[in-house]
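Colleague: Structure below; questions to follow.
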Amino acid sequence: MTIVDMEKPNERGLQQVAANERLTFFGLTLPYLLMVTALIVIPVGWLFYLSFIGRDGSLSFENYERMMKSKAYIRIFLTTFKISILTTIICAAIGYPLAYFMSQLSRKWANICMIGVLIPFWTSLLVRTYAWLVLLQKKGLLNNMAIEMGLISEPIKIVHNTTGTLIGMVHIMLPFLILPLYANMRAIDKDALKAASSLGATPTRAFWTVFFPLSLPGLLAGLLIVFVLCLGFYVTPAILGGGRVIMAAMKISSNIELYFSWGAASALGVVLLVVTGIILFIASKLVSMDQLGNR
Amino acid sequence: MKKTIMKSAIGGLAAAGLMITATASYAEDTLRIVSWGGAYQKGQSLGIFQPAAKAMGITVKEDTYGGISDVKLMVKSGADKFDIFSSGAGSCASGAAEGVLEKLDYSVIDVSDHLPGMYSDYCAGADIFSVVAAYNTDTYGEGNGPKTWADFYDVEKFPGTRAMRNKVDAQLETALLADGVPMDQVYEVLDSEEGIERALDKIRSIKPHIAVWWSSGAQHAQLMKDGEVDMTTGWNGRFDVAKEDGAKVAYDWRSGIMDWEGYGIPKGAKNKDLAMKYIAEMMKPEYMAEFAKYITYGPTNGKVYELGLMEDSRARMMPSHPDNAKHQLTLSTEWYSKWRTIAAEMYTEMMTE
């Protein structure tokens with residue numbers, strides 16, 4: 001015993017310090033924990049509870065049974081995920097090169113570009129959505145111009161369908177992808193790329209083996225934000241989808257009107273939450289965030 | 001009143017705003033009424049709400065609302081936001097079925113001159129509107145567009161894009177009428193899931209031609225104005241307003257489905273008695289005649305026609321004018337209180353196919 005004590009003379013003291021530190025950190029996180037509990041855990045729990053309340057106010061599964069009975073619900077969820085995934089992919093395809101381009105510019109020019117990204121971000125979502133409707137409709141600016149220039153003879157359908165919805169949603173979601181990605185790319189050490197070059201890597205090879213993996217945490221953060229925000233979209237698909245694109249949020253709203261009860265709407269929210277949770281869980285298993293960060 | 005103020009005060013800072021509204025609403029001579037906004041409520045406000053309030057010497061505050069679900073949620077949560085709401089007969093009937101409405105006192109509200117069927121226990125009819133098939137006169141030429149629902153569903157005789165409502169209300173009827181079901185049998189046929197399915201199948205047959213499923217009157221008016229679709233179902237008054245605005249739109253009464261709008265009182269309304277008296281005042285023919293100057297929704301009170309309160313040319317534009325009404329199906333509120341939820345889910349299923 002004494003020998004052990006001799007070997008680690010400060011052990012008890014260190015333990016005490018560590019315990020104190022943990023307590024301090026816990027104290028520091030306490031306000032946040034309380035906030036999360038009050039604003040997220042309790043409301044979500046309440047949502048779960050409500051989803052099991054039937055129209056007559058008693059406990060029942062009717063809100064879930066209804067979803068099994070009508071094929072509309074499964075189609076609406078499929079549409080919701082399809083639109084969200086497509087929007088996310090298109091955002092990444094447009095946003096990644098743009099963020100990369102901006103990260104290579106001098107601070108001054110990058111800031112000017114950033115204003116271009118942020119200005120639409122500050123414009124009201126409703127205004128932007130209606131603006132797209134005006135541009136894209138049958139006798140809208142785009143179709144009229146294309147017809148006058150002789151590119152097309154008949155107006156093409158680019159709104160009141162999935163295409164229009166995607167255009168509007170990508171426009172609205174793009175800054176959410178670019179902001180974290182750009183911040184991440186700026187932080188990447190340029191010397192790492194120089195080192196790769198000095199070891200004989202071509203610029204392409206240096207980009208794919210060094211820069212791209214280092215930018216993945218930013219990209220994944222952006223993708224996650226865009227995807228999750230898309231799932232709850234209401235206004236844009238409602239206006240640009242022309243009733244052909246029905247997403248979960250729209251059905252939630254119509255169920256309140258149809259059944260006069262929170263339960264019928266809550267059940268949809270619960271299913272959306274659970275399915276999203278499962279998808280993100282699987283995604284996190286496929287690509288481990290930690291691994292990416294340490295590569 | 002004192003008690004309310006006390007209660008609100010306990011609520012503290014956050015309740016300060018509430019206290020003001022609460023005090024106002026409990027005042028003996030103030031009522032709060034909600035309606036649909038837009039061209040419709042503008043007509044109500046100028047033609048009915050404010051003149052009737054003035055005649056009674058009371059204050060009426062107006063607001064918009066989202067429909068009968070707002071009434072239901074308000075009553076169920078014990079909130080107190082308005083005393084009277086303007087609502088379609090069918091929605092009112094479903095609210096009544098849910099037990100969230102006050103029964104109207106027809107010893108106070110005089111409906112003896114109302115057209116038959118234009119009032120119910122919970123809803124005092126105020127105006128009559130129609131769901132019609134409107135078409136673009138640039139596409140088909142004035143008077144040569146679809147005149148009946150059969151024409152609306154005939155994509156060979158009338159090629160072009162169509163729009164229908166994203167909710168079931170007054171849409172299934174169009175399909176059955178197009179399918180050749182006589183007017184007086186439409187609701188008999190619809191009185192089963194098979195009948196509803198028959199109507200939905202008819203809509204499915206033209207689904208590739210339906211470019212938009214509209215969600216509001218403002219939207220279907222805009223669709224016609226912009227030439228986005230060649231024809232659409234929708235409310236006659238909105239098309240008339242759009243036409244005055246330069247839209248190339250026309251419709252024929254042979255495609256009309258008549259429905260009516262009225263006033264109801266949420267259960268437990270604090271100012272119930274005054275609300276009842278105010279509704280009684282609003283039923284007078286002169287207000288209805290004034291309202292019809294703003295939007296082509298006809299009076300429920302037959303006296304308007306009898307007393308000649310409306311110019312003949314204007315009266316002929318109303319859905320309820322005898323010459324127009326005779327072509328039309330009257331929407332059945334009974335059917336909607338029985339089938340609306342089921343039919344709505346089936347309709348959504350058809351839409352998402």
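Each chain in the structure tokens gets a letter, A, B and so on, in the order shown; residues start at 1 in every chain, and ligands are counted from 1 in the order they appear.
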Based on only C-alpha atoms, which of the residues in chain B come within 6 Å of chain A? I want them as a ChimeraX atom specification.

Modeller: /B:69,212-213,228,349

Colleague: Contacts of Leu307 (chain B) at 12 Å or less, counting only C-alpha atoms, minus same-chain residues fewer than 5 places along, as a count of residues only?

Modeller: 8

Colleague: Just want the 10 Å neighbourhood of region 265-275 of chain B, counted on only C-alpha atoms, with same-chain residues fewer than 2 positions away dropped. Output as a PyMOL selection string.

Modeller: chain B and resi 25-33+58+68+71-72+74-76+78-86+92+95-96+99-105+108+122-124+263+277-281

Colleague: How far is it from CA of Trp46 (chain A) to CA of Thr236 (chain A), in Å with one decimal?

Modeller: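 Between CA of Trp46 (chain A) and CA of Thr236 (chain A) the gap works out to 28.0 Å.
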
Colleague: List as a list in words the protein and nucleic acid residues near Phe152 (chain B), meaning an atom at most 10 Å away when only C-alpha atoms are counted, but skip any in the same chain fewer than 3 places from it.

Modeller: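 My list of contacting residues is Ala133, Ala134, Tyr135, Gly145, Pro146, Lys147, Thr148, Trp149, Val155, Lys157, Phe158, Pro159, Gly160, Arg162, Thr174, Ala175, Ala178, Ile206, Met231, Thr232, Thr233 and Ser255 of chain B.
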
Colleague: Mind writing the picked residues with C-alpha atoms as a compact mmCIF listing (two decimals), in the first residue's frame?

Modeller:
```txt
# COMPACT_ATOMS: atom_id res chain seq x y z
CA ALA B 133 -65.97 26.01 -63.80
CA ALA B 134 -64.15 29.13 -64.94
CA TYR B 135 -62.25 29.20 -68.25
CA GLY B 145 -65.58 27.53 -73.16
CA PRO B 146 -66.76 24.66 -70.98
CA LYS B 147 -70.31 25.36 -69.86
CA THR B 148 -71.05 22.29 -67.79
CA TRP B 149 -69.02 19.92 -65.66
CA VAL B 155 -60.32 16.82 -72.46
CA LYS B 157 -63.49 18.73 -76.79
CA PHE B 158 -61.72 21.20 -74.52
CA PRO B 159 -58.01 20.47 -74.50
CA GLY B 160 -55.99 22.49 -72.02
CA ARG B 162 -57.02 22.40 -65.52
CA THR B 174 -68.38 18.08 -60.21
CA ALA B 175 -67.16 14.60 -61.13
CA ALA B 178 -69.87 15.20 -65.34
CA ILE B 206 -58.35 13.83 -66.20
CA MET B 231 -59.81 26.29 -66.66
CA THR B 232 -60.38 25.77 -62.96
CA THR B 233 -62.98 25.08 -60.33
CA SER B 255 -71.63 24.46 -63.90
```

Colleague: Excluding same-chain residues fewer than 3 positions from Val168 (chain B), what lies within 9 Å of it counting only C-alpha atoms, as a PyMOL selection string?

Modeller: chain B and resi 165+171-172+340+343-348

Colleague: Would you mind exporting N, CA and C atoms of the selected residues as a PDB file, in the first residue's frame?

Modeller:
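Okay, this is what ended up in again-v5.pdb:
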```pdb
ATOM      1  N   ARG B 165     -59.383  21.981 -56.676  1.00  0.00           N
ATOM      2  CA  ARG B 165     -59.022  22.316 -55.302  1.00  0.00           C
ATOM      3  C   ARG B 165     -58.181  21.214 -54.667  1.00  0.00           C
ATOM      4  N   GLN B 171     -65.736  19.271 -54.892  1.00  0.00           N
ATOM      5  CA  GLN B 171     -65.040  18.750 -56.070  1.00  0.00           C
ATOM      6  C   GLN B 171     -65.653  17.439 -56.560  1.00  0.00           C
ATOM      7  N   LEU B 172     -66.031  16.558 -55.599  1.00  0.00           N
ATOM      8  CA  LEU B 172     -66.594  15.264 -55.994  1.00  0.00           C
ATOM      9  C   LEU B 172     -67.892  15.450 -56.765  1.00  0.00           C
ATOM     10  N   ARG B 340     -67.183  14.072 -44.727  1.00  0.00           N
ATOM     11  CA  ARG B 340     -66.057  14.922 -45.118  1.00  0.00           C
ATOM     12  C   ARG B 340     -64.684  14.333 -44.796  1.00  0.00           C
ATOM     13  N   ALA B 343     -63.938  11.241 -46.981  1.00  0.00           N
ATOM     14  CA  ALA B 343     -63.768  11.664 -48.373  1.00  0.00           C
ATOM     15  C   ALA B 343     -62.473  12.458 -48.541  1.00  0.00           C
ATOM     16  N   ALA B 344     -62.136  13.275 -47.528  1.00  0.00           N
ATOM     17  CA  ALA B 344     -60.927  14.098 -47.630  1.00  0.00           C
ATOM     18  C   ALA B 344     -59.678  13.223 -47.699  1.00  0.00           C
ATOM     19  N   GLU B 345     -59.639  12.159 -46.877  1.00  0.00           N
ATOM     20  CA  GLU B 345     -58.481  11.257 -46.899  1.00  0.00           C
ATOM     21  C   GLU B 345     -58.392  10.530 -48.242  1.00  0.00           C
ATOM     22  N   MET B 346     -59.560  10.116 -48.764  1.00  0.00           N
ATOM     23  CA  MET B 346     -59.558   9.418 -50.056  1.00  0.00           C
ATOM     24  C   MET B 346     -59.123  10.363 -51.167  1.00  0.00           C
ATOM     25  N   TYR B 347     -59.519  11.614 -51.047  1.00  0.00           N
ATOM     26  CA  TYR B 347     -59.164  12.625 -52.047  1.00  0.00           C
ATOM     27  C   TYR B 347     -57.644  12.864 -52.044  1.00  0.00           C
ATOM     28  N   THR B 348     -57.083  12.972 -50.838  1.00  0.00           N
ATOM     29  CA  THR B 348     -55.628  13.168 -50.729  1.00  0.00           C
ATOM     30  C   THR B 348     -54.888  11.973 -51.328  1.00  0.00           C
TER      31      THR B 348
END
```

Colleague: So, counting only C-alpha atoms, which residue among A:Val235, A:Ile156, A:Leu177, A:Leu50 is closest to Leu126 (chain A)?

Modeller: A:Val235

Colleague: I need the residues in region 168-349 of chain B that are strand (DSSP E) according to DSSP; give them as a list in words.

Modeller: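 Going through region 168-349 of chain B, the strand (DSSP E) residues come out as Ile210, Ala211, Val212, Trp213, Trp214, Met231, Thr232, Thr233, Gly234, Trp235, Val249, Ala250, Tyr251, Ile257, Met258, Asp259, Trp260, Glu261, Gly262, Tyr263, Gly264, Gly298, Pro299, Leu329 and Thr330 of chain B.
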
Colleague: As a PyMOL selection string, list the residues of region 44-158 of chain A assigned to helix (DSSP H, G or I) by DSSP on the backbone atoms of this structure.

Modeller: chain A and resi 44-51+62-69+71-104+107-122+125-136+141-148

Colleague: What does the structure give for the distance between CA of Gly45 (chain A) and CA of Leu272 (chain A), in Å to one decimal?

Modeller: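 It comes out at 14.4 Å.
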